[in-house]
Amino acid sequence: MLEDFVVYAATIGNQVHHYSGTWNKKQKVCLHQFHLLIGKKALGDNGRLMKHSRSEYHLIALDNDKFRQQEGSVLNQIVTVNEAQKQENRDRLSDLLDCSYFLFKNELSHTTLYEPLLQLISRLDHSSKLAATNDILEKNILKKIQQARVISIMSDEGTDINRHGNLCICIWYCDQTTGEPTETYVSLLHIKNKDAESIFNYIVTDLQQKNIDLTKTRFVAFDGAAVFSGIHNGVAAKFRALFNLAILFIHCRAHALQLAVISAADSIPDICKSLSTLKSLVNFINRSSVRLTLFEDIQNSAEALGLYNILSNEATAFIIHTLQPILDTLAVLSKCIQTKSADFKQLQDFISSTMLRLEELKDYSSIDYIYIIETIKKLSLVSSGIRNSRLSISNAQLTTDEVFKTKILPFIENIINNVQARFEQSTLNLLNCFMIFDMQNMNNNKDYGDEEIRTIQQHYSSDFDESIMYEWKTFRTYLLTQRQGGKLMTQREVCMKLVQDGMLKDIYPQLSLAAEIFLIAPISTATVERDFSTMNRILTKLRNRLTTKHVDQLMRISMEGANTLNEEMKDEIINY
């Protein structure tokens with residue numbers, strides 16, 4: 001109301017001081033605030049009070065009022081002038097849109113830190129620009145999803161800085177023009193209930209409102225929580241029951257890897273204690289800047305002495321050092337799983353190389369351990385003032401060789417067994433059938449790939465009929481001819497060539513659909529986790545009043561928008 005009053009007061013100039021009517025209480029408060037506001041810049045050049053009509057706020061208010069009211073909307077101002085002026089207006093508005101989009105795309109809040117920029121774009125409403133940009137971007141994304149023949153749904157729930165429950169939804173699909181598998185952010189929803197039925201309804205309602213055909217769903221990917229993965233009442237089971245029995249649930253492989261490592265450590269207490277000690281040490285130092293900078297000077301504190309006592313044990317120190325090459329190997333696998341371009345063929349390669357590396361680390365004479373063993377032997381970690389009762393390893397006399405055989409080696413074997421058990425599932429067995437498209441593995445056997453095609457046909461009986469076998473026999477000849485001509489393609493490249501609009505897609509429609517199903521199979525839900533990270537960067541303590549709708553819009557622009565607006569996009573926003 002104060003802003004409206006300022007505009008009104010500025011419009012009538014000095015008459016506000018001579019108004020003789022009756023003021024109500026709210027009007028008097030606004031008038032008082034108005035005088036305080038203009039009083040800061042009320043002095044003229046000679047140090048005397050200037051007339052209100054000459055004040056800076058009066059002139060700004062008049063200028064803004066004319067801009068907003070004289071010609072109507074911004075669009076009216078653009079289209080109701082001659083062509084030369086119209087083009088000039090559009091060019092100026094284009095510059096303003098660039099400024100606003102820069103803020104949206106780079107997750108920058110509209111604060112006084114960017115005062116010059118804000119002065120430039122203050123004449124346009126941020127919310128309307130945000131809504132227009134988001135709606136046009138979302139329309140383009142949904143159009144591509146709707147064109148896809150099959151899709152995969154990924155989702156997870158989380159909590160924002162306001163302790164509100166949120167559900168993030170992403171979709172995998174193939175671009176029909178290029179055949180490229182694409183993951184895209186779809187929605188951020190505020191949720192009140194986190195049971196399977198509620199989450200399922202949230203996802204279905206939102207996607208159906210966006211006109212996404214859920215009968216095209218072939219995979220759903222979540223973490224291993226029972227609410228998502230429950231065989232009978234989980235979200236995945238509800239998708240299968242309502243839309244398509246062929247829908248496969250994919251447990252996020254990054255999450256499965258984490259569970260495999262935790263399970264491997266649980267059966268070896270000393271491994272758990274060593275990892276816990278490291279965590280405690282980091283927390284102990286990071287809780288205080290003084291401890292971080294003067295750690296050497298606080299060794300006499302009770303807590304520090306306890307941690308030092310544990311680390312002083314030769315066996316514990318050896319375990320902590322030997323865990324490094326093991327955890328480094330698993331970290332590489334985890335990062336590979338979470339890349340956007342990873343597929344199940346690559347997953348098999350990732351796992352195979354990781355298993356080989358872990359087998360190498362089972363050798364005590366490995367070069368990875370030589371330096372560690374020498375370092376441990378050189379260190380004189382045991383002090384006469386240390387209490388032996390605090391040792392984490394029960395037998396302090398164990399040699400490094402014994403520790404390796406009784407602690408490290410079983411841990412590595414547990415990891416290998418757990419990874420193999422958690423990654424070898426029926427879903428992976430089915431997707432392995434698509435490896436027949438890998439030209440490097442092809443042979444001249446006349447029955448090559450026939451069994452795999454039958455398996456795919458049986459599982460997706462609503463998608464394929466007997467003609468897929470005839471298509472495969474012809475396409476197999478085509479691939480062999482290509483290979484003999486020296487034109488080798490990876491499995492991914494072959495599938496993308498089948499999916500993209502063109503001759504192969506028209507000649508082999510069922511094989512093209514099968515290739516598209518393979519390409520949209522997600523191996524992790526890292527996309528959803530990245531989306532939550534984006535949400536946390538946008539919804540901060542200083543911006544905690546943002547609504548879920550605005551956060552959703554800003555997330556979409558940040559993750560899916562181009563780095564800059566092209567002219568076509570600007571025209572759409574202006575005409576929105």
# chains A, B, ... in the order shown; residues from 1 in each chain; ligands from 1
>>> residues_around(residues="Gly234 in chain A", least_positions_apart="3", cutoff="12 Å", atoms="only C-alpha atoms", output="VMD selection string")
chain A and resid 194 to 200 220 222 to 231 237 to 241 249
>>> write_last_selection(atoms="C-alpha atoms", output="tab-separated table (two decimals), in the first residue's frame")
chain	number	residue	atom	x	y	z
A	194	LYS	CA	5.01	-40.37	2.37
A	195	ASP	CA	3.25	-43.73	2.18
A	196	ALA	CA	3.34	-45.72	-1.08
A	197	GLU	CA	-0.27	-44.98	-2.05
A	198	SER	CA	0.15	-41.22	-1.59
A	199	ILE	CA	3.47	-41.04	-3.45
A	200	PHE	CA	2.04	-43.11	-6.31
A	220	VAL	CA	10.61	-47.15	-12.82
A	222	PHE	CA	13.86	-45.61	-7.14
A	223	ASP	CA	16.11	-46.26	-4.16
A	224	GLY	CA	15.68	-49.43	-2.14
A	225	ALA	CA	13.20	-48.04	0.40
A	226	ALA	CA	10.26	-50.37	0.98
A	227	VAL	CA	7.77	-47.63	0.14
A	228	PHE	CA	9.14	-47.65	-3.43
A	229	SER	CA	10.40	-51.20	-3.92
A	230	GLY	CA	7.82	-53.24	-1.99
A	231	ILE	CA	6.88	-56.31	-4.04
A	237	ALA	CA	4.24	-52.63	-7.85
A	238	LYS	CA	1.38	-50.14	-8.19
A	239	PHE	CA	2.74	-48.94	-11.54
A	240	ARG	CA	2.89	-52.51	-12.81
A	241	ALA	CA	-0.62	-53.30	-11.61
A	249	PHE	CA	11.69	-51.80	-11.19
>>> residues_around(residues="Ile351 in chain A", least_positions_apart="2", cutoff="10 Å", atoms="only C-alpha atoms", output="JSON list (two decimals) with N, CA and C atoms, in the first residue's frame")
[["chain", "number", "residue", "atom", "x", "y", "z"],
["A", 330, "LEU", "N", 36.10, -48.40, -5.38],
["A", 330, "LEU", "CA", 34.64, -48.34, -5.33],
["A", 330, "LEU", "C", 34.13, -46.95, -5.67],
["A", 333, "LEU", "N", 33.88, -46.63, -9.40],
["A", 333, "LEU", "CA", 32.68, -47.32, -9.88],
["A", 333, "LEU", "C", 31.43, -46.49, -9.62],
["A", 336, "CYS", "N", 31.18, -43.63, -12.08],
["A", 336, "CYS", "CA", 30.81, -44.10, -13.43],
["A", 336, "CYS", "C", 29.32, -44.42, -13.51],
["A", 337, "ILE", "N", 28.79, -45.02, -12.44],
["A", 337, "ILE", "CA", 27.37, -45.36, -12.42],
["A", 337, "ILE", "C", 26.51, -44.11, -12.51],
["A", 346, "GLN", "N", 27.45, -50.51, -20.40],
["A", 346, "GLN", "CA", 28.61, -49.89, -19.75],
["A", 346, "GLN", "C", 28.68, -50.32, -18.29],
["A", 347, "LEU", "N", 27.53, -50.50, -17.65],
["A", 347, "LEU", "CA", 27.51, -50.94, -16.26],
["A", 347, "LEU", "C", 28.22, -52.28, -16.12],
["A", 348, "GLN", "N", 27.97, -53.19, -17.05],
["A", 348, "GLN", "CA", 28.64, -54.49, -17.01],
["A", 348, "GLN", "C", 30.15, -54.32, -17.11],
["A", 349, "ASP", "N", 30.59, -53.43, -17.97],
["A", 349, "ASP", "CA", 32.03, -53.18, -18.12],
["A", 349, "ASP", "C", 32.60, -52.56, -16.84],
["A", 353, "SER", "N", 35.54, -54.49, -14.54],
["A", 353, "SER", "CA", 36.84, -53.89, -14.24],
["A", 353, "SER", "C", 37.03, -53.69, -12.74],
["A", 354, "THR", "N", 35.95, -53.37, -12.02],
["A", 354, "THR", "CA", 36.04, -53.20, -10.56],
["A", 354, "THR", "C", 36.34, -54.52, -9.89],
["A", 355, "MET", "N", 35.69, -55.59, -10.33],
["A", 355, "MET", "CA", 35.94, -56.91, -9.74],
["A", 355, "MET", "C", 37.39, -57.34, -9.97],
["A", 356, "LEU", "N", 37.92, -57.07, -11.15],
["A", 356, "LEU", "CA", 39.31, -57.42, -11.42],
["A", 356, "LEU", "C", 40.26, -56.64, -10.52],
["A", 357, "ARG", "N", 39.96, -55.37, -10.32],
["A", 357, "ARG", "CA", 40.80, -54.54, -9.45],
["A", 357, "ARG", "C", 40.74, -55.03, -8.01],
["A", 416, "ILE", "N", 33.02, -58.17, -2.92],
["A", 416, "ILE", "CA", 32.83, -58.85, -4.21],
["A", 416, "ILE", "C", 31.53, -59.66, -4.20],
["A", 419, "VAL", "N", 28.40, -57.26, -4.08],
["A", 419, "VAL", "CA", 28.14, -56.58, -5.36],
["A", 419, "VAL", "C", 27.55, -57.55, -6.37],
["A", 420, "GLN", "N", 28.11, -58.74, -6.46],
["A", 420, "GLN", "CA", 27.59, -59.73, -7.40],
["A", 420, "GLN", "C", 26.16, -60.13, -7.05],
["A", 423, "PHE", "N", 23.79, -57.01, -7.83],
["A", 423, "PHE", "CA", 23.72, -56.53, -9.21],
["A", 423, "PHE", "C", 23.24, -57.61, -10.18]]
>>> atom_distance(atom1="CA of Lys192 in chain A", atom2="CA of His164 in chain A")
8.1 Å
>>> residues_around(residues="Arg149 in chain A", least_positions_apart="3", cutoff="9 Å", atoms="only C-alpha atoms", output="NGL selection string")
:A and (145-146 or 173-174 or 176 or 216 or 513 or 516-517)
>>> select_by_dssp(residues="range 145-241 of chain A", states="strand (DSSP E)", output="mmCIF file with C-alpha atoms, in the first residue's frame")
data_model
loop_
_atom_site.group_PDB
_atom_site.id
_atom_site.type_symbol
_atom_site.label_atom_id
_atom_site.label_comp_id
_atom_site.auth_asym_id
_atom_site.auth_seq_id
_atom_site.Cartn_x
_atom_site.Cartn_y
_atom_site.Cartn_z
ATOM 1 C CA ILE A 151 9.632 -43.673 -21.088
ATOM 2 C CA SER A 152 11.194 -44.390 -17.699
ATOM 3 C CA ILE A 153 10.196 -42.661 -14.473
ATOM 4 C CA MET A 154 12.629 -41.818 -11.668
ATOM 5 C CA SER A 155 11.591 -40.295 -8.371
ATOM 6 C CA ASP A 156 12.620 -39.777 -4.773
ATOM 7 C CA GLU A 157 11.404 -37.849 -1.770
ATOM 8 C CA GLY A 158 13.396 -35.403 0.326
ATOM 9 C CA THR A 159 13.171 -32.517 2.774
ATOM 10 C CA GLY A 165 8.489 -32.908 2.318
ATOM 11 C CA ASN A 166 9.135 -32.765 -1.431
ATOM 12 C CA LEU A 167 8.887 -35.271 -4.254
ATOM 13 C CA CYS A 168 11.132 -34.878 -7.287
ATOM 14 C CA ILE A 169 10.174 -36.538 -10.594
ATOM 15 C CA CYS A 170 12.443 -37.094 -13.606
ATOM 16 C CA ILE A 171 11.889 -38.920 -16.896
ATOM 17 C CA TRP A 172 14.179 -40.782 -19.288
ATOM 18 C CA TYR A 173 13.172 -40.741 -22.952
ATOM 19 C CA CYS A 174 14.762 -40.876 -26.403
ATOM 20 C CA PRO A 181 18.637 -40.981 -24.617
ATOM 21 C CA THR A 182 17.810 -37.945 -22.493
ATOM 22 C CA GLU A 183 17.097 -37.479 -18.806
ATOM 23 C CA THR A 184 14.999 -34.488 -17.886
ATOM 24 C CA TYR A 185 13.604 -32.858 -14.796
ATOM 25 C CA VAL A 186 9.791 -32.826 -14.734
ATOM 26 C CA SER A 187 8.406 -31.696 -11.371
ATOM 27 C CA LEU A 188 8.995 -30.782 -7.760
ATOM 28 C CA LEU A 189 5.918 -31.471 -5.637
ATOM 29 C CA HIS A 190 5.134 -30.537 -2.052
ATOM 30 C CA ILE A 191 3.895 -33.679 -0.294
ATOM 31 C CA THR A 217 6.254 -46.536 -19.009
ATOM 32 C CA ARG A 218 8.693 -49.459 -19.219
ATOM 33 C CA PHE A 219 10.969 -48.806 -16.216
ATOM 34 C CA VAL A 220 10.606 -47.155 -12.816
ATOM 35 C CA ALA A 221 13.778 -46.380 -10.862
ATOM 36 C CA PHE A 222 13.861 -45.615 -7.136
#
>>> decode(residues="range 438-534 of chain A", atoms="C-alpha atoms", output="short mmCIF file (atom, residue, chain, number, x, y, z; two decimals), in the first residue's frame")
data_model
loop_
_atom_site.label_atom_id
_atom_site.label_comp_id
_atom_site.auth_asym_id
_atom_site.auth_seq_id
_atom_site.Cartn_x
_atom_site.Cartn_y
_atom_site.Cartn_z
CA ASP A 438 27.00 -55.09 -30.03
CA MET A 439 28.81 -55.65 -33.35
CA GLN A 440 32.04 -56.69 -31.66
CA ASN A 441 30.37 -59.76 -30.12
CA MET A 442 28.58 -60.89 -33.29
CA ASN A 443 29.39 -64.15 -35.02
CA ASN A 444 28.31 -65.90 -38.23
CA ASN A 445 26.09 -68.40 -36.42
CA LYS A 446 22.76 -68.44 -38.24
CA ASP A 447 20.90 -68.55 -34.91
CA TYR A 448 22.87 -65.71 -33.31
CA GLY A 449 20.57 -63.53 -31.21
CA ASP A 450 17.40 -65.56 -31.84
CA GLU A 451 17.04 -66.70 -28.23
CA GLU A 452 17.52 -63.17 -26.92
CA ILE A 453 14.90 -61.78 -29.31
CA ARG A 454 12.41 -64.40 -28.10
CA THR A 455 13.10 -63.42 -24.48
CA ILE A 456 12.49 -59.74 -25.28
CA GLN A 457 9.31 -60.60 -27.21
CA GLN A 458 7.93 -62.72 -24.36
CA HIS A 459 8.53 -60.09 -21.72
CA TYR A 460 7.14 -57.23 -23.79
CA SER A 461 4.35 -59.24 -25.39
CA SER A 462 2.14 -56.15 -25.76
CA ASP A 463 4.86 -54.37 -27.76
CA PHE A 464 6.13 -57.07 -30.11
CA ASP A 465 4.73 -59.88 -32.26
CA GLU A 466 6.36 -62.57 -34.41
CA SER A 467 7.49 -60.04 -36.99
CA ILE A 468 10.30 -58.89 -34.68
CA MET A 469 12.10 -62.17 -35.39
CA TYR A 470 11.94 -61.58 -39.15
CA GLU A 471 13.20 -58.05 -38.66
CA TRP A 472 16.10 -59.35 -36.56
CA LYS A 473 17.22 -61.92 -39.14
CA THR A 474 17.38 -59.21 -41.81
CA PHE A 475 19.01 -56.67 -39.53
CA ARG A 476 21.60 -59.23 -38.36
CA THR A 477 22.72 -59.62 -41.99
CA TYR A 478 22.94 -55.85 -42.28
CA LEU A 479 25.17 -55.61 -39.16
CA LEU A 480 27.46 -58.41 -40.37
CA THR A 481 27.83 -56.66 -43.72
CA GLN A 482 28.70 -53.41 -41.95
CA ARG A 483 31.28 -55.16 -39.81
CA GLN A 484 32.89 -56.87 -42.77
CA GLY A 485 33.16 -53.46 -44.41
CA GLY A 486 35.08 -52.17 -41.37
CA LYS A 487 32.21 -50.02 -40.08
CA LEU A 488 32.10 -51.05 -36.44
CA MET A 489 29.58 -49.41 -34.10
CA THR A 490 29.10 -49.82 -30.37
CA GLN A 491 25.87 -51.25 -28.98
CA ARG A 492 24.75 -47.76 -27.98
CA GLU A 493 25.45 -46.35 -31.45
CA VAL A 494 23.54 -49.17 -33.15
CA CYS A 495 20.52 -48.62 -30.88
CA MET A 496 20.56 -44.85 -31.42
CA LYS A 497 20.74 -45.35 -35.20
CA LEU A 498 17.65 -47.57 -35.01
CA VAL A 499 15.72 -45.08 -32.88
CA GLN A 500 16.43 -41.86 -34.76
CA ASP A 501 14.06 -40.83 -37.53
CA GLY A 502 15.25 -42.34 -40.79
CA MET A 503 15.33 -45.37 -43.04
CA LEU A 504 16.31 -47.97 -40.41
CA LYS A 505 13.47 -46.91 -38.13
CA ASP A 506 10.98 -47.28 -40.97
CA ILE A 507 12.32 -50.66 -42.14
CA TYR A 508 12.69 -52.19 -38.65
CA PRO A 509 9.90 -50.59 -36.52
CA GLN A 510 9.83 -53.31 -33.83
CA LEU A 511 13.61 -53.57 -33.51
CA SER A 512 13.66 -49.77 -33.29
CA LEU A 513 11.23 -49.90 -30.35
CA ALA A 514 13.31 -52.63 -28.67
CA ALA A 515 16.44 -50.47 -29.02
CA GLU A 516 14.58 -47.53 -27.52
CA ILE A 517 13.55 -49.63 -24.52
CA PHE A 518 17.18 -50.50 -23.90
CA LEU A 519 18.36 -46.89 -24.17
CA ILE A 520 15.88 -45.55 -21.62
CA ALA A 521 16.76 -48.08 -18.92
CA PRO A 522 18.27 -45.97 -16.08
CA ILE A 523 21.05 -47.50 -13.99
CA SER A 524 20.76 -45.03 -11.11
CA THR A 525 18.64 -42.23 -9.70
CA ALA A 526 21.58 -39.82 -9.52
CA THR A 527 19.58 -37.40 -11.67
CA VAL A 528 17.02 -37.01 -8.90
CA GLU A 529 19.73 -36.44 -6.32
CA ARG A 530 21.30 -33.76 -8.51
CA ASP A 531 17.88 -32.12 -8.76
CA PHE A 532 17.60 -32.00 -4.97
CA SER A 533 21.04 -30.39 -4.85
CA THR A 534 19.77 -27.73 -7.24
#
